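K.L.:
Here it is, the structure in full.
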Amino acid sequence: MAKQRKEIHKVEMTDGKRAIIQQLFQEYNIEKPNDIQDALKDLLGGTIKEMMESEMDEHLGYSKSERSDSENARNGYKPKQMNSSYGSFQIDVPQDRQSSFKPQVVKKRQKDISAIDQKIISMYVKGMTTKQISETIEDIYGFEASEGFISDVTDKILPRIEEWQCRPLASVYPIIFIDAIHFSVRHDSIVRKLAAYVVLGINEDGYKEVLALEVGENENSKYWLGVLNGLKNRGVQDILILCSDGLTGLKEAIAAAFPKTEHQRCIVHMVRNTLKYVANKDMKNFARDLRTIYTAPDEKTAVRRLEEVDKKWTSQYPAAMKRWHDHWDVITPIFKFSIDVRTAFYTTNTIESLNSSYRRLNRQRSVFPSSQALLKALYLSTFEAAKKWTMPLRNWGKVRGELVIMYPDRLLA
């Protein structure tokens, strides 16, 4: 889908505009670009004040210069500091005796007219810390935004996150991926590592959808059972294939929560973990031999090739192939499908683009001040990444066709 070009405003001069500009030069003694911003800030403040005066006239039913027998009347002004894209300025807000005046141009308790909230959240999405955002706001807009203020603005998304966490899900997901990224988080003056677990589903139409995002410490079957039961409580009744790396306790949790679901280990992670035990000089040849296993046309051939690779390398690297034997039952589901279809779920590549946005947060912030700050940043990055998911998974028609044949009672044609 082609990206729509942003419309560019074309400046058109008229005699009236030239007269106004000449007046600006005379009134404000404009000599450099900063003088223009100061002039616009002053004009903005003056315009808002005049609009409020008009609103007060309408509220009272008579203008400032007129007399009236009304019980209500003007009662001076109250100073108010405003923040705008031109910087900070102070305006005098008209008051009435009955305190019933409610200005609309700048509402009560509104102190910002620059849509700064969205700008702050946008910077937060990009991984900037509250301190960095505060400094950027001051540099660009010329007014101080404390780190506490920045945190208050980003806290406004917490209800949105809670609503997102509890939203209903589809009854069936053909494929689900679970992966983890680790972050450093400060807690009681101690920095510790926390894992962010993302649960990414492929729905029946082939589109990616983040189902859950969990920040946890200890991986075990009880933890994962809680995550999977959370999906069930939100409407998920069946998962055909769940692809993950070797997350502790996940296999047992799947058996308890979704006993018909096939657990597929990520082949890419299997290869990487195997090559950790191999010398650099042998890595290329070893990786080529491993490829003969997971690209085998069927499980029988794969078993034979596994034995051949094991026999060839076991004398040099006895520990390298142990994982393949220990986890063969969660490697084999791929052999039911054609090689083209296998690529849809035997790796976690589908989730990698999302993980890259999470890793960007790690590069921006070495330590998160709290687990809540981490959660806000993760969810904002998730919302941003999901905007790009406008197309179904590659070759989804073929993938779905084979899934329907393999699981005829669980996925309708």
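Quick note on naming: the chains in the structure tokens go A, B, ... in the order shown, residues restart at 1 in each chain, and ligands are numbered from 1 in order of appearance.
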Just want the 7 Å neighbourhood of Ala212 of chain A, counted on only C-alpha atoms, with same-chain residues fewer than 5 positions away dropped. Output as a PyMOL selection string.
P.N.:
chain A and resi 165+198-199
K.L.:
What are the DSSP strand (DSSP E) residues of segment 142-257 of chain A, as a ChimeraX atom specification?
P.N.:
/A:172-187,190-202,208-216,238-244
K.L.:
Could you pull out all residues of segment 191-388 of chain A with a DSSP call of alpha helix (DSSP H) and give them as a PyMOL selection string?
P.N.:
chain A and resi 221-233+250-257+267-275+280-294+299-313+322-326+339-342+349-364+371-386
K.L.:
Excluding Glu352 of chain A and any residue of its chain fewer than 2 positions from it, enumerate the residues within 12 Å of it, using only C-alpha atoms, and give them as a list of chain:residue names.
P.N.:
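Residues meeting the cut-off are A:Phe177, A:Ile178, A:Asp179, A:Ala180, A:Ile181, A:Val198, A:Leu200, A:Val268, A:Thr347, A:Thr348, A:Asn349, A:Thr350, A:Leu354, A:Asn355, A:Ser356, A:Ser357, A:Tyr358, A:Arg359, A:Ala385.
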K.L.:
Would you put the residues from that selection into a file with all heavy atoms, as a CSV table (one decimal), in the first residue's frame?
P.N.:
chain,number,residue,atom,x,y,z
A,177,PHE,N,3.3,-17.5,18.1
A,177,PHE,CA,4.7,-17.5,18.4
A,177,PHE,C,4.9,-16.9,19.8
A,177,PHE,O,4.2,-15.9,20.2
A,177,PHE,CB,5.4,-16.6,17.4
A,177,PHE,CG,5.3,-17.1,16.0
A,177,PHE,CD1,4.3,-16.7,15.2
A,177,PHE,CD2,6.3,-17.9,15.5
A,177,PHE,CE1,4.2,-17.1,13.9
A,177,PHE,CE2,6.3,-18.3,14.2
A,177,PHE,CZ,5.2,-17.9,13.4
A,178,ILE,N,5.8,-17.4,20.6
A,178,ILE,CA,6.2,-16.8,21.9
A,178,ILE,C,7.7,-16.6,21.9
A,178,ILE,O,8.4,-17.5,21.6
A,178,ILE,CB,5.8,-17.7,23.1
A,178,ILE,CG1,4.2,-17.9,23.1
A,178,ILE,CG2,6.2,-17.1,24.4
A,178,ILE,CD1,3.7,-18.7,24.3
A,179,ASP,N,8.1,-15.4,22.2
A,179,ASP,CA,9.5,-15.1,22.2
A,179,ASP,C,9.8,-14.2,23.4
A,179,ASP,O,8.9,-13.6,24.0
A,179,ASP,CB,10.0,-14.5,20.9
A,179,ASP,CG,11.5,-14.7,20.6
A,179,ASP,OD1,12.1,-15.4,21.4
A,179,ASP,OD2,12.0,-14.3,19.6
A,180,ALA,N,11.1,-14.0,23.7
A,180,ALA,CA,11.5,-13.2,24.9
A,180,ALA,C,12.6,-12.2,24.6
A,180,ALA,O,13.5,-12.5,23.8
A,180,ALA,CB,11.9,-14.1,26.0
A,181,ILE,N,12.5,-11.0,25.1
A,181,ILE,CA,13.6,-10.0,25.1
A,181,ILE,C,13.9,-9.6,26.5
A,181,ILE,O,13.0,-9.4,27.3
A,181,ILE,CB,13.2,-8.8,24.3
A,181,ILE,CG1,12.8,-9.1,22.8
A,181,ILE,CG2,14.4,-7.7,24.3
A,181,ILE,CD1,14.0,-9.6,22.0
A,198,VAL,N,6.5,-11.8,24.5
A,198,VAL,CA,5.5,-11.4,23.6
A,198,VAL,C,4.8,-12.6,23.0
A,198,VAL,O,5.5,-13.6,22.6
A,198,VAL,CB,6.1,-10.5,22.5
A,198,VAL,CG1,7.2,-11.2,21.7
A,198,VAL,CG2,5.0,-10.0,21.5
A,200,LEU,N,2.5,-13.6,20.0
A,200,LEU,CA,2.1,-13.1,18.7
A,200,LEU,C,1.3,-14.2,18.0
A,200,LEU,O,1.8,-15.3,17.8
A,200,LEU,CB,3.3,-12.7,17.8
A,200,LEU,CG,3.0,-12.2,16.4
A,200,LEU,CD1,2.4,-10.8,16.4
A,200,LEU,CD2,4.2,-12.2,15.5
A,268,VAL,N,15.7,-22.1,13.9
A,268,VAL,CA,16.8,-21.1,13.9
A,268,VAL,C,17.5,-21.1,15.2
A,268,VAL,O,18.8,-21.1,15.3
A,268,VAL,CB,16.3,-19.7,13.4
A,268,VAL,CG1,17.4,-18.7,13.6
A,268,VAL,CG2,15.9,-19.7,12.0
A,347,THR,N,10.4,-21.1,12.3
A,347,THR,CA,11.3,-20.1,12.9
A,347,THR,C,10.4,-19.0,13.5
A,347,THR,O,9.2,-18.9,13.2
A,347,THR,CB,12.2,-19.4,11.9
A,347,THR,OG1,11.5,-18.4,11.2
A,347,THR,CG2,12.7,-20.4,10.9
A,348,THR,N,11.1,-18.2,14.4
A,348,THR,CA,10.4,-17.0,15.0
A,348,THR,C,10.7,-15.7,14.1
A,348,THR,O,10.5,-14.6,14.7
A,348,THR,CB,10.8,-16.8,16.4
A,348,THR,OG1,12.2,-16.7,16.5
A,348,THR,CG2,10.3,-17.9,17.3
A,349,ASN,N,11.0,-15.9,12.9
A,349,ASN,CA,11.3,-14.7,12.0
A,349,ASN,C,10.1,-13.8,11.9
A,349,ASN,O,10.3,-12.6,11.8
A,349,ASN,CB,11.8,-15.2,10.6
A,349,ASN,CG,13.2,-15.7,10.6
A,349,ASN,OD1,13.9,-15.6,11.6
A,349,ASN,ND2,13.6,-16.4,9.5
A,350,THR,N,8.9,-14.4,12.0
A,350,THR,CA,7.7,-13.6,11.9
A,350,THR,C,7.6,-12.6,13.0
A,350,THR,O,7.1,-11.5,12.8
A,350,THR,CB,6.5,-14.5,12.0
A,350,THR,OG1,6.6,-15.5,10.9
A,350,THR,CG2,5.2,-13.8,11.8
A,354,LEU,N,9.1,-7.2,15.2
A,354,LEU,CA,8.6,-6.6,16.5
A,354,LEU,C,9.7,-6.6,17.5
A,354,LEU,O,9.9,-5.6,18.2
A,354,LEU,CB,7.4,-7.5,17.0
A,354,LEU,CG,6.7,-7.0,18.2
A,354,LEU,CD1,6.2,-5.6,18.1
A,354,LEU,CD2,5.6,-8.0,18.6
A,355,ASN,N,10.5,-7.7,17.6
A,355,ASN,CA,11.6,-7.7,18.5
A,355,ASN,C,12.6,-6.7,18.3
A,355,ASN,O,13.2,-6.1,19.2
A,355,ASN,CB,12.3,-9.1,18.5
A,355,ASN,CG,11.5,-10.2,19.2
A,355,ASN,OD1,10.5,-9.9,20.0
A,355,ASN,ND2,11.8,-11.4,19.0
A,356,SER,N,12.8,-6.3,17.0
A,356,SER,CA,13.8,-5.3,16.7
A,356,SER,C,13.4,-3.9,17.3
A,356,SER,O,14.2,-3.1,17.7
A,356,SER,CB,14.0,-5.2,15.2
A,356,SER,OG,12.8,-4.7,14.5
A,357,SER,N,12.1,-3.7,17.3
A,357,SER,CA,11.6,-2.4,17.9
A,357,SER,C,11.8,-2.4,19.4
A,357,SER,O,12.1,-1.4,20.0
A,357,SER,CB,10.2,-2.1,17.5
A,357,SER,OG,9.3,-3.1,18.1
A,358,TYR,N,11.7,-3.6,20.0
A,358,TYR,CA,11.9,-3.7,21.4
A,358,TYR,C,13.4,-3.6,21.7
A,358,TYR,O,13.8,-3.0,22.7
A,358,TYR,CB,11.5,-5.1,21.9
A,358,TYR,CG,10.0,-5.3,21.9
A,358,TYR,CD1,9.5,-6.6,21.8
A,358,TYR,CD2,9.1,-4.3,21.9
A,358,TYR,CE1,8.1,-6.9,21.8
A,358,TYR,CE2,7.7,-4.5,21.8
A,358,TYR,CZ,7.2,-5.8,21.7
A,358,TYR,OH,5.9,-6.0,21.7
A,359,ARG,N,14.3,-4.1,20.9
A,359,ARG,CA,15.7,-4.0,21.1
A,359,ARG,C,16.2,-2.6,21.0
A,359,ARG,O,17.2,-2.1,21.6
A,359,ARG,CB,16.5,-4.9,20.1
A,359,ARG,CG,16.3,-6.4,20.3
A,359,ARG,CD,17.3,-7.2,19.5
A,359,ARG,NE,17.0,-8.6,19.7
A,359,ARG,CZ,16.3,-9.4,18.8
A,359,ARG,NH1,15.7,-8.8,17.8
A,359,ARG,NH2,16.1,-10.6,19.1
A,385,ALA,N,4.4,-0.6,16.0
A,385,ALA,CA,4.8,-1.6,15.0
A,385,ALA,C,3.6,-2.2,14.3
A,385,ALA,O,3.6,-2.5,13.1
A,385,ALA,CB,5.6,-2.8,15.8
K.L.:
As a short mmCIF file (atom, residue, chain, number, x, y, z; two decimals) with N, CA and C atoms, in the first residue's frame, please: the residues near Leu378 of chain A (cut-off 12 Å, only C-alpha atoms, same-chain neighbours under 3 positions excluded).
P.N.:
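Below is the file that was written, selection26.cif:
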data_model
loop_
_atom_site.label_atom_id
_atom_site.label_comp_id
_atom_site.auth_asym_id
_atom_site.auth_seq_id
_atom_site.Cartn_x
_atom_site.Cartn_y
_atom_site.Cartn_z
N TYR A 124 8.48 8.93 23.56
CA TYR A 124 8.56 7.77 24.45
C TYR A 124 8.58 6.48 23.65
N VAL A 125 7.79 6.44 22.56
CA VAL A 125 7.77 5.27 21.67
C VAL A 125 9.15 5.01 21.10
N LYS A 126 9.88 6.08 20.78
CA LYS A 126 11.20 5.95 20.18
C LYS A 126 12.27 5.56 21.19
N GLY A 127 11.85 5.38 22.46
CA GLY A 127 12.78 4.88 23.47
C GLY A 127 13.48 5.95 24.28
N ILE A 157 -1.71 6.63 29.21
CA ILE A 157 -1.96 5.48 28.35
C ILE A 157 -2.24 4.21 29.15
N LEU A 158 -2.06 4.24 30.49
CA LEU A 158 -2.24 3.03 31.28
C LEU A 158 -3.65 2.45 31.17
N ILE A 161 -3.78 0.63 27.97
CA ILE A 161 -3.05 -0.64 28.04
C ILE A 161 -3.91 -1.70 28.73
N ILE A 181 12.54 -11.00 25.14
CA ILE A 181 13.61 -10.01 25.09
C ILE A 181 13.90 -9.60 26.53
N HIS A 182 15.17 -9.46 26.90
CA HIS A 182 15.53 -9.14 28.27
C HIS A 182 15.91 -7.67 28.42
N PHE A 183 15.50 -7.08 29.55
CA PHE A 183 15.76 -5.67 29.84
C PHE A 183 16.28 -5.52 31.26
N ALA A 195 12.46 -10.31 31.81
CA ALA A 195 12.15 -10.75 30.43
C ALA A 195 10.78 -10.24 30.02
N ALA A 196 10.71 -9.72 28.82
CA ALA A 196 9.44 -9.33 28.22
C ALA A 196 9.05 -10.43 27.24
N TYR A 197 7.96 -11.11 27.53
CA TYR A 197 7.49 -12.22 26.68
C TYR A 197 6.36 -11.71 25.80
N VAL A 198 6.55 -11.83 24.50
CA VAL A 198 5.51 -11.39 23.57
C VAL A 198 4.84 -12.61 22.96
N VAL A 210 -0.62 -9.07 18.07
CA VAL A 210 -0.03 -9.31 19.38
C VAL A 210 -1.16 -9.60 20.35
N ALA A 212 -0.68 -10.87 23.67
CA ALA A 212 -0.33 -10.55 25.06
C ALA A 212 1.13 -10.13 25.13
N LEU A 213 1.43 -9.39 26.16
CA LEU A 213 2.79 -8.94 26.42
C LEU A 213 2.99 -9.01 27.92
N GLU A 214 3.89 -9.88 28.36
CA GLU A 214 4.08 -10.12 29.78
C GLU A 214 5.51 -9.78 30.19
N VAL A 215 5.65 -9.12 31.33
CA VAL A 215 6.97 -8.88 31.91
C VAL A 215 7.10 -9.79 33.11
N LEU A 354 9.09 -7.19 15.21
CA LEU A 354 8.59 -6.64 16.47
C LEU A 354 9.70 -6.61 17.51
N ASN A 355 10.48 -7.69 17.57
CA ASN A 355 11.58 -7.74 18.52
C ASN A 355 12.62 -6.65 18.26
N SER A 356 12.80 -6.31 16.99
CA SER A 356 13.80 -5.27 16.67
C SER A 356 13.39 -3.92 17.25
N SER A 357 12.07 -3.65 17.29
CA SER A 357 11.62 -2.39 17.89
C SER A 357 11.82 -2.43 19.40
N TYR A 358 11.68 -3.61 20.01
CA TYR A 358 11.94 -3.74 21.44
C TYR A 358 13.43 -3.58 21.74
N ARG A 359 14.27 -4.15 20.88
CA ARG A 359 15.72 -4.02 21.08
C ARG A 359 16.16 -2.57 20.96
N ARG A 360 15.45 -1.80 20.15
CA ARG A 360 15.76 -0.38 20.02
C ARG A 360 15.59 0.33 21.37
N LEU A 361 14.61 -0.11 22.14
CA LEU A 361 14.42 0.44 23.48
C LEU A 361 15.63 0.15 24.35
N ASN A 362 16.19 -1.06 24.20
CA ASN A 362 17.39 -1.43 24.96
C ASN A 362 18.57 -0.54 24.61
N PHE A 368 15.78 0.69 32.85
CA PHE A 368 14.46 1.30 33.01
C PHE A 368 14.24 1.59 34.50
N SER A 371 9.43 -1.36 36.46
CA SER A 371 8.79 -2.33 35.55
C SER A 371 7.61 -1.69 34.84
N GLN A 372 6.94 -0.72 35.49
CA GLN A 372 5.82 -0.04 34.84
C GLN A 372 6.32 0.82 33.67
N ALA A 373 7.48 1.49 33.87
CA ALA A 373 8.07 2.29 32.78
C ALA A 373 8.42 1.39 31.60
N LEU A 374 8.94 0.19 31.89
CA LEU A 374 9.25 -0.77 30.83
C LEU A 374 7.97 -1.19 30.11
N LEU A 375 6.92 -1.48 30.88
CA LEU A 375 5.67 -1.93 30.29
C LEU A 375 5.08 -0.87 29.36
N SER A 381 5.61 0.72 21.80
CA SER A 381 6.34 0.18 20.65
C SER A 381 5.50 -0.83 19.89
N THR A 382 4.71 -1.62 20.64
CA THR A 382 3.84 -2.61 20.02
C THR A 382 2.77 -1.94 19.17
N PHE A 383 2.12 -0.91 19.73
CA PHE A 383 1.09 -0.18 18.99
C PHE A 383 1.68 0.42 17.71
N GLU A 384 2.90 0.95 17.81
CA GLU A 384 3.55 1.58 16.66
C GLU A 384 3.88 0.54 15.59
N ALA A 385 4.43 -0.60 16.00
CA ALA A 385 4.80 -1.65 15.04
C ALA A 385 3.58 -2.22 14.34
#
K.L.:
For each of A:Ser315, A:Asn203, A:Leu247, A:Gly45, take the minimum atom-to-atom distance to Arg400 of chain A, counting only C-alpha atoms, then give the residue where this is smallest.
P.N.:
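Closest candidate: A:Asn203.
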K.L.:
Which residues are near segment 76-78 of chain A? Cut-off 6 Å, only C-alpha atoms, ignore same chain within fewer than 2 positions. Put them as a PDB file with N, CA and C atoms, in the first residue's frame.
P.N.:
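What ended up in out.pdb:
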ATOM      1  N   ASP A  92      -4.100  36.662  30.778  1.00  0.00           N
ATOM      2  CA  ASP A  92      -5.008  37.064  31.841  1.00  0.00           C
ATOM      3  C   ASP A  92      -6.404  36.561  31.489  1.00  0.00           C
ATOM      4  N   VAL A  93      -6.895  35.624  32.281  1.00  0.00           N
ATOM      5  CA  VAL A  93      -8.203  35.018  32.026  1.00  0.00           C
ATOM      6  C   VAL A  93      -9.278  35.823  32.746  1.00  0.00           C
ATOM      7  N   PRO A  94     -10.282  36.346  32.034  1.00  0.00           N
ATOM      8  CA  PRO A  94     -11.344  37.122  32.687  1.00  0.00           C
ATOM      9  C   PRO A  94     -12.160  36.260  33.657  1.00  0.00           C
ATOM     10  N   GLN A  95     -12.564  36.863  34.784  1.00  0.00           N
ATOM     11  CA  GLN A  95     -13.328  36.164  35.811  1.00  0.00           C
ATOM     12  C   GLN A  95     -14.695  36.836  35.999  1.00  0.00           C
TER      13      GLN A  95
END
K.L.:
Which is closer to Ala256 of chain A than all the others in A:Gly226, A:Gln132, A:Asn285, A:Asp15, using only C-alpha atoms?
P.N.:
A:Gly226
K.L.:
Might you pull out every residue within 7 Å of Asp245 of chain A, with only C-alpha atoms counted and same-chain residues fewer than 5 positions away left off, and present them as an MDAnalysis selection string?
P.N.:
chainID A and resid 179 265:266 269
K.L.:
I want to know what sits within 6 Å of Ala253 of chain A, based on only C-alpha atoms, with residues of the same chain fewer than 6 positions away left out; could you give that as a list in words?
P.N.:
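Within the cut-off, the hits are Ser221, Trp224 and Leu225 of chain A.
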